[in-house]
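Visitor: What follows is a structure written as structure tokens; I'll ask about it next.
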Amino acid sequence: MSAPSPSGAPPLLADFGEFGGRYVAETLMPAVEELAREWPKAWADPDFQDSYRTILRDYVGRPTALTEAPRLAKSVGAAQLLLKREDLCHTGAHKINNCIGQVLLAKRLGKTRIIAETGAGQHGVATATACAYFGLPCVVYMGAEDVARQALNVVRMRLLGTEVRPVHSGSATLKDAINGALRDWVANVRDTHYVIGSVMGPDPYPLMVRELQRVIGEEAREQALSKFGALPDAVVACVGGGSNAMGIFTAFVGDPSVELIGVEATGEGIASGRHAATMAEGALGVYHGMRSLVLQSVDGQLQEAHSISAGLDYPGIGPEHAHLRATGRARYLGVGDTEALEAMELLARTEGIIPALETSHALAALPRIAGELRAKLGRDPVIMVNLSGRGDKDMHTVMKVRDQGAEAMVGEGMLP
Amino acid sequence: MNSSTESAPLDAGATRIGQRFKACRDEGRAALVGYLTAFDPDREGSLARIFAACEAGLDVLELGVPFSDPAADGPTIQEAMGRALAAGATLEGSLEIAAAVRERFDLPVVLFGYANPLLRREPADLCQSLVAAGVDGLLVVDLPPEHCGILRDPARAAGLDWIGLCAPTSTEARIGRVLEVTTGFVYAVSLTGVTGTKLDVTDPGLHAQLAALRERAGIPVAVGFGVRDAQQVHALAGHADGVIVGSALVEAGKAGPEALAAKIRELAAGLAR
């Protein structure tokens, strides 16, 4: 249940059962309360909505297509496969939907500086882009490990005028980038807005980010009904913190015939200990401003996650996902590094679309999901997948593990 | 000051923390509250440092329970917690250190930490362990008044003080909420930032913030974050009932127990008003 708010405090905006809350240091509480007061007003304001929707249409490129993928459908055993093409968004992933909304909100609140964390770099690039668009200075915190893994996105952020600050503490990945951003926010909270990139952090962030991403599912549901006259049997999305999944799930939560399936990264396998399978292996904890499941030791120390995809390399998960699973409305599967790489290649070869490694986890689960649904429904199922991002940023990783010849050629300067 | 949820209201002045602040006030000085991380750099090394600090004149020990993700702390305390965890720090081990301090010294011990490692234990059971280890109070940086009941209620029932924090950004309404749940002393965060940030002790805004808080709190006010030397301690001693030093002690402790003791003596010289 939600924590009761003492008199005068803005109540928690989201009720995610035993998950969620506002677990931040006192210095940040006034800013978090300001967001809890101001976000609902902004979201209900027709002028704010109009600005947000106009930018999504004219700048981000919404609505994104809903693409049928017949060759992949055949390959995975589905009657029909529908891909919600967030990879076609400006900057190459769904992350920009949230960033445009939050920077718009920051301007409304009179904030003059933006900070963000990033894992794969997609949220960092999206925030840097939104800040360039609105003319605000931006600092992005990124784990030093990820700076090395996602060098291309670092260049993109810098080109966009953003300062990228590598974080060397802890495991030097996404969770540490979040800590770095939180420390900056504590010091600069009066003039700075922290654009959290997923459905996580203190209330109202998980709700706010979900609302800014729900356009994905709203479009997709409408497109499915108008093009095919029916809802899919299942909606599938990869889950790190969980924003693309909440973005597409939310419109379908009220459709009991539609299964909601999240796919998390099992990395090198759960038994190896090198994974990011929070749903499978996490325990309830308090971290990054919220109460949710998290990979942790018996002593309550957060553990390092591992995934070939930097965007899923996070030991926690957004509180609404924990709630959706606890209430039985969504279920969560795991996919490892190797399967994800194979699925990336499969989509590339069957449909001519190179997905992000994050998204590839959702694709890799399709044969399993199609089989389960076929057994349940007695027919081949219709499945919708959130194609949350494109794979350009992952070519270096692919070269390292699948195409070492190309890697060597780059090293010798034979490829650009 | 006591909240309505409290099962066994205590007179704040009767606890070891209240008594120590009163004794310092009677001596015409502020109390020196010192933060050190349990297990930094390891179990034996931290015991030696903490003992040396207590002998050198610390009034209140704030003992940090190491956490992997200390998001409210600056680099010095982050690194201390990293060293401690690498040396095998646990909550149980931290309580053993508290118990060892209690065996030798009478000074109040406040356990400082982040919620997650503490909440791995059943709260009432944890609070019994804290009492058994001779701990007097709890300060949990990421449990604001809205969420603190889960640990504060059993802590108060066990006779422990609950130390709340007020920040320069706290609104009047928030200060009221913090004071409602706080006993023992209230921690006035001196600056808008993480621990160890550079502090301007001459800032009239800080002095006004402290005066307003003391006027309102009805319990001692101790100020901390960024306090590094005796001049700063002295500049703050007239504005607060206690001065809290953390990162500067952790840094001094890197050179060993003797260096830490010398730093404590230096800081204590600034406490007189």
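Residues in the structure tokens are numbered from 1 in each chain, the chains being A, B, ... in the order shown, and ligands are numbered from 1 in the order shown.
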Once DSSP has gone over the backbone, tell me which residues of segment 39-200 of chain B are in strand (DSSP E), as a list in words.
Guide: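 Secondary structure check on segment 39-200 of chain B, strand (DSSP E): Val60, Leu61, Glu62, Leu63, Gly64, Val109, Val110, Leu111, Phe112, Gly113, Gly137, Leu138, Leu139, Val140, Asp161, Trp162, Leu165, Cys166, Val186, Tyr187, Ala188 and Val189 of chain B.
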Visitor: Take the residues from that selection and put them in a file with N, CA, C and O atoms, as a PDB file, in the first residue's frame.
Guide:
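Done, and the output landed in again.pdb:
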ATOM      1  N   VAL B  60      29.892  12.714  20.268  1.00  0.00           N
ATOM      2  CA  VAL B  60      28.904  11.769  19.732  1.00  0.00           C
ATOM      3  C   VAL B  60      29.550  11.071  18.542  1.00  0.00           C
ATOM      4  O   VAL B  60      30.148  11.734  17.688  1.00  0.00           O
ATOM      5  N   LEU B  61      29.440   9.744  18.498  1.00  0.00           N
ATOM      6  CA  LEU B  61      29.953   8.999  17.344  1.00  0.00           C
ATOM      7  C   LEU B  61      28.806   8.712  16.387  1.00  0.00           C
ATOM      8  O   LEU B  61      27.776   8.170  16.779  1.00  0.00           O
ATOM      9  N   GLU B  62      29.009   9.109  15.119  1.00  0.00           N
ATOM     10  CA  GLU B  62      28.061   8.753  14.075  1.00  0.00           C
ATOM     11  C   GLU B  62      28.732   7.641  13.266  1.00  0.00           C
ATOM     12  O   GLU B  62      29.711   7.888  12.551  1.00  0.00           O
ATOM     13  N   LEU B  63      28.238   6.431  13.424  1.00  0.00           N
ATOM     14  CA  LEU B  63      28.898   5.271  12.824  1.00  0.00           C
ATOM     15  C   LEU B  63      28.175   4.881  11.536  1.00  0.00           C
ATOM     16  O   LEU B  63      26.987   4.530  11.562  1.00  0.00           O
ATOM     17  N   GLY B  64      28.898   4.931  10.426  1.00  0.00           N
ATOM     18  CA  GLY B  64      28.285   4.680   9.129  1.00  0.00           C
ATOM     19  C   GLY B  64      28.249   3.195   8.783  1.00  0.00           C
ATOM     20  O   GLY B  64      29.261   2.507   8.861  1.00  0.00           O
ATOM     21  N   VAL B 109      26.164   6.781  20.562  1.00  0.00           N
ATOM     22  CA  VAL B 109      26.466   6.264  19.226  1.00  0.00           C
ATOM     23  C   VAL B 109      25.201   6.336  18.378  1.00  0.00           C
ATOM     24  O   VAL B 109      24.156   5.808  18.763  1.00  0.00           O
ATOM     25  N   VAL B 110      25.323   7.049  17.243  1.00  0.00           N
ATOM     26  CA  VAL B 110      24.219   7.115  16.283  1.00  0.00           C
ATOM     27  C   VAL B 110      24.612   6.274  15.074  1.00  0.00           C
ATOM     28  O   VAL B 110      25.707   6.437  14.537  1.00  0.00           O
ATOM     29  N   LEU B 111      23.742   5.364  14.692  1.00  0.00           N
ATOM     30  CA  LEU B 111      24.023   4.563  13.504  1.00  0.00           C
ATOM     31  C   LEU B 111      23.513   5.322  12.286  1.00  0.00           C
ATOM     32  O   LEU B 111      22.339   5.693  12.221  1.00  0.00           O
ATOM     33  N   PHE B 112      24.429   5.570  11.331  1.00  0.00           N
ATOM     34  CA  PHE B 112      24.060   6.272  10.095  1.00  0.00           C
ATOM     35  C   PHE B 112      23.999   5.251   8.968  1.00  0.00           C
ATOM     36  O   PHE B 112      24.874   4.394   8.858  1.00  0.00           O
ATOM     37  N   GLY B 113      22.982   5.356   8.136  1.00  0.00           N
ATOM     38  CA  GLY B 113      22.963   4.433   7.008  1.00  0.00           C
ATOM     39  C   GLY B 113      21.906   4.770   5.982  1.00  0.00           C
ATOM     40  O   GLY B 113      21.188   5.761   6.079  1.00  0.00           O
ATOM     41  N   GLY B 137      20.869   5.946  18.703  1.00  0.00           N
ATOM     42  CA  GLY B 137      19.988   6.598  17.738  1.00  0.00           C
ATOM     43  C   GLY B 137      20.238   6.108  16.329  1.00  0.00           C
ATOM     44  O   GLY B 137      21.260   5.468  16.047  1.00  0.00           O
ATOM     45  N   LEU B 138      19.283   6.414  15.453  1.00  0.00           N
ATOM     46  CA  LEU B 138      19.346   5.978  14.061  1.00  0.00           C
ATOM     47  C   LEU B 138      19.142   7.179  13.147  1.00  0.00           C
ATOM     48  O   LEU B 138      18.250   7.993  13.383  1.00  0.00           O
ATOM     49  N   LEU B 139      19.964   7.255  12.096  1.00  0.00           N
ATOM     50  CA  LEU B 139      19.833   8.310  11.094  1.00  0.00           C
ATOM     51  C   LEU B 139      19.861   7.618   9.735  1.00  0.00           C
ATOM     52  O   LEU B 139      20.876   7.038   9.356  1.00  0.00           O
ATOM     53  N   VAL B 140      18.735   7.630   9.045  1.00  0.00           N
ATOM     54  CA  VAL B 140      18.648   6.936   7.754  1.00  0.00           C
ATOM     55  C   VAL B 140      18.342   7.967   6.684  1.00  0.00           C
ATOM     56  O   VAL B 140      17.251   8.530   6.634  1.00  0.00           O
ATOM     57  N   ASP B 161      16.664   6.968  19.703  1.00  0.00           N
ATOM     58  CA  ASP B 161      16.321   8.258  19.113  1.00  0.00           C
ATOM     59  C   ASP B 161      16.301   8.131  17.596  1.00  0.00           C
ATOM     60  O   ASP B 161      17.042   7.318  17.010  1.00  0.00           O
ATOM     61  N   TRP B 162      15.454   8.943  16.947  1.00  0.00           N
ATOM     62  CA  TRP B 162      15.372   8.985  15.483  1.00  0.00           C
ATOM     63  C   TRP B 162      15.818  10.364  15.031  1.00  0.00           C
ATOM     64  O   TRP B 162      15.168  11.361  15.338  1.00  0.00           O
ATOM     65  N   LEU B 165      16.698  14.908   9.302  1.00  0.00           N
ATOM     66  CA  LEU B 165      17.530  15.930   8.662  1.00  0.00           C
ATOM     67  C   LEU B 165      16.675  17.050   8.098  1.00  0.00           C
ATOM     68  O   LEU B 165      15.629  16.788   7.495  1.00  0.00           O
ATOM     69  N   CYS B 166      17.144  18.286   8.295  1.00  0.00           N
ATOM     70  CA  CYS B 166      16.552  19.447   7.623  1.00  0.00           C
ATOM     71  C   CYS B 166      17.601  20.000   6.664  1.00  0.00           C
ATOM     72  O   CYS B 166      18.774  20.095   7.027  1.00  0.00           O
ATOM     73  N   VAL B 186      18.353  17.261  15.950  1.00  0.00           N
ATOM     74  CA  VAL B 186      18.012  17.365  14.535  1.00  0.00           C
ATOM     75  C   VAL B 186      19.278  17.737  13.773  1.00  0.00           C
ATOM     76  O   VAL B 186      20.092  18.546  14.232  1.00  0.00           O
ATOM     77  N   TYR B 187      19.468  17.084  12.645  1.00  0.00           N
ATOM     78  CA  TYR B 187      20.646  17.260  11.808  1.00  0.00           C
ATOM     79  C   TYR B 187      20.347  18.361  10.808  1.00  0.00           C
ATOM     80  O   TYR B 187      19.524  18.178   9.922  1.00  0.00           O
ATOM     81  N   ALA B 188      21.011  19.508  10.965  1.00  0.00           N
ATOM     82  CA  ALA B 188      20.825  20.605  10.021  1.00  0.00           C
ATOM     83  C   ALA B 188      21.870  20.480   8.919  1.00  0.00           C
ATOM     84  O   ALA B 188      23.065  20.661   9.171  1.00  0.00           O
ATOM     85  N   VAL B 189      21.430  20.162   7.721  1.00  0.00           N
ATOM     86  CA  VAL B 189      22.353  20.072   6.588  1.00  0.00           C
ATOM     87  C   VAL B 189      22.742  21.492   6.203  1.00  0.00           C
ATOM     88  O   VAL B 189      21.892  22.334   5.937  1.00  0.00           O
TER      89      VAL B 189
END
Visitor: Mind checking which residues fall within 10 Å of Thr129 of chain A, counting only C-alpha atoms, ignoring those fewer than 5 positions away in the same chain, and posting them as a list in words?
Guide: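 Listed by chain and then number, they are His90, Thr91, Ile96, Cys99, Ile100, His123, Gly124, Phe134, Gly135, Cys138, Arg156, Met157, Leu159, Leu160, Gly161 and Thr162 of chain A.
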Visitor: Please identify which residues in segment 278-401 of chain A DSSP calls helix (DSSP H, G or I) from the backbone, and express them as number ranges by chain.
Guide: A: 278-281, 310-312, 319-326, 337-351, 357-364, 366-377, 392-401
Visitor: Need to verify the contact set: Asn153 of chain A, 9 Å, only C-alpha atoms, exclusion of same-chain residues closer than 3 positions in sequence. Can you return it as a VMD selection string?
Guide: chain A and resid 120 to 122 124 to 125 147 150 156 to 158 393
Visitor: Using only C-alpha atoms, tabulate the residues of chain B lying at most 8 Å from any atom of chain A, each with its closest atom pair and that distance in Å to one decimal, by chain and increasing residue number, as a Markdown table.
Guide:
| residue | atom | partner | partner_atom | distance |
| --- | --- | --- | --- | --- |
| B:Phe67 | CA | A:Gln301 | CA | 6.0 |
| B:Ser68 | CA | A:Gln301 | CA | 5.3 |
| B:Asp69 | CA | A:Asn179 | CA | 6.9 |
| B:Pro70 | CA | A:Asn179 | CA | 7.6 |
| B:Ala71 | CA | A:Asn179 | CA | 5.0 |
| B:Ala72 | CA | A:Arg183 | CA | 6.2 |
| B:Asp73 | CA | A:Arg183 | CA | 7.5 |
| B:Gly74 | CA | A:Arg183 | CA | 7.6 |
| B:Gly82 | CA | A:Gly170 | CA | 7.8 |
| B:Thr90 | CA | A:Asp299 | CA | 6.4 |
| B:Leu91 | CA | A:Asp299 | CA | 7.1 |
| B:Ala115 | CA | A:Val286 | CA | 6.3 |
| B:Asn116 | CA | A:Val286 | CA | 5.1 |
| B:Pro117 | CA | A:Gly300 | CA | 4.2 |
| B:Leu118 | CA | A:Gly300 | CA | 7.6 |
| B:Leu119 | CA | A:Gly285 | CA | 7.7 |
| B:Arg120 | CA | A:Gly300 | CA | 6.0 |
| B:Val141 | CA | A:Ala25 | CA | 5.5 |
| B:Asp142 | CA | A:Val24 | CA | 4.8 |
| B:Leu143 | CA | A:Tyr23 | CA | 5.7 |
| B:Pro144 | CA | A:Glu26 | CA | 6.3 |
| B:Glu146 | CA | A:Ser5 | CA | 5.8 |
| B:His147 | CA | A:Ala3 | CA | 6.3 |
| B:Leu165 | CA | A:Glu26 | CA | 6.5 |
| B:Cys166 | CA | A:Glu26 | CA | 6.5 |
| B:Ala167 | CA | A:Thr27 | CA | 5.1 |
| B:Pro168 | CA | A:Thr27 | CA | 7.1 |
| B:Thr169 | CA | A:Thr27 | CA | 5.7 |
| B:Ser170 | CA | A:Pro30 | CA | 6.2 |
| B:Thr171 | CA | A:Pro30 | CA | 7.0 |
| B:Ala173 | CA | A:Gly8 | CA | 6.9 |
| B:Arg174 | CA | A:Ala9 | CA | 7.9 |
| B:Arg177 | CA | A:Pro6 | CA | 7.3 |
| B:Thr192 | CA | A:Ala187 | CA | 5.1 |
| B:Gly193 | CA | A:Ala187 | CA | 3.7 |
| B:Val194 | CA | A:Arg183 | CA | 6.3 |
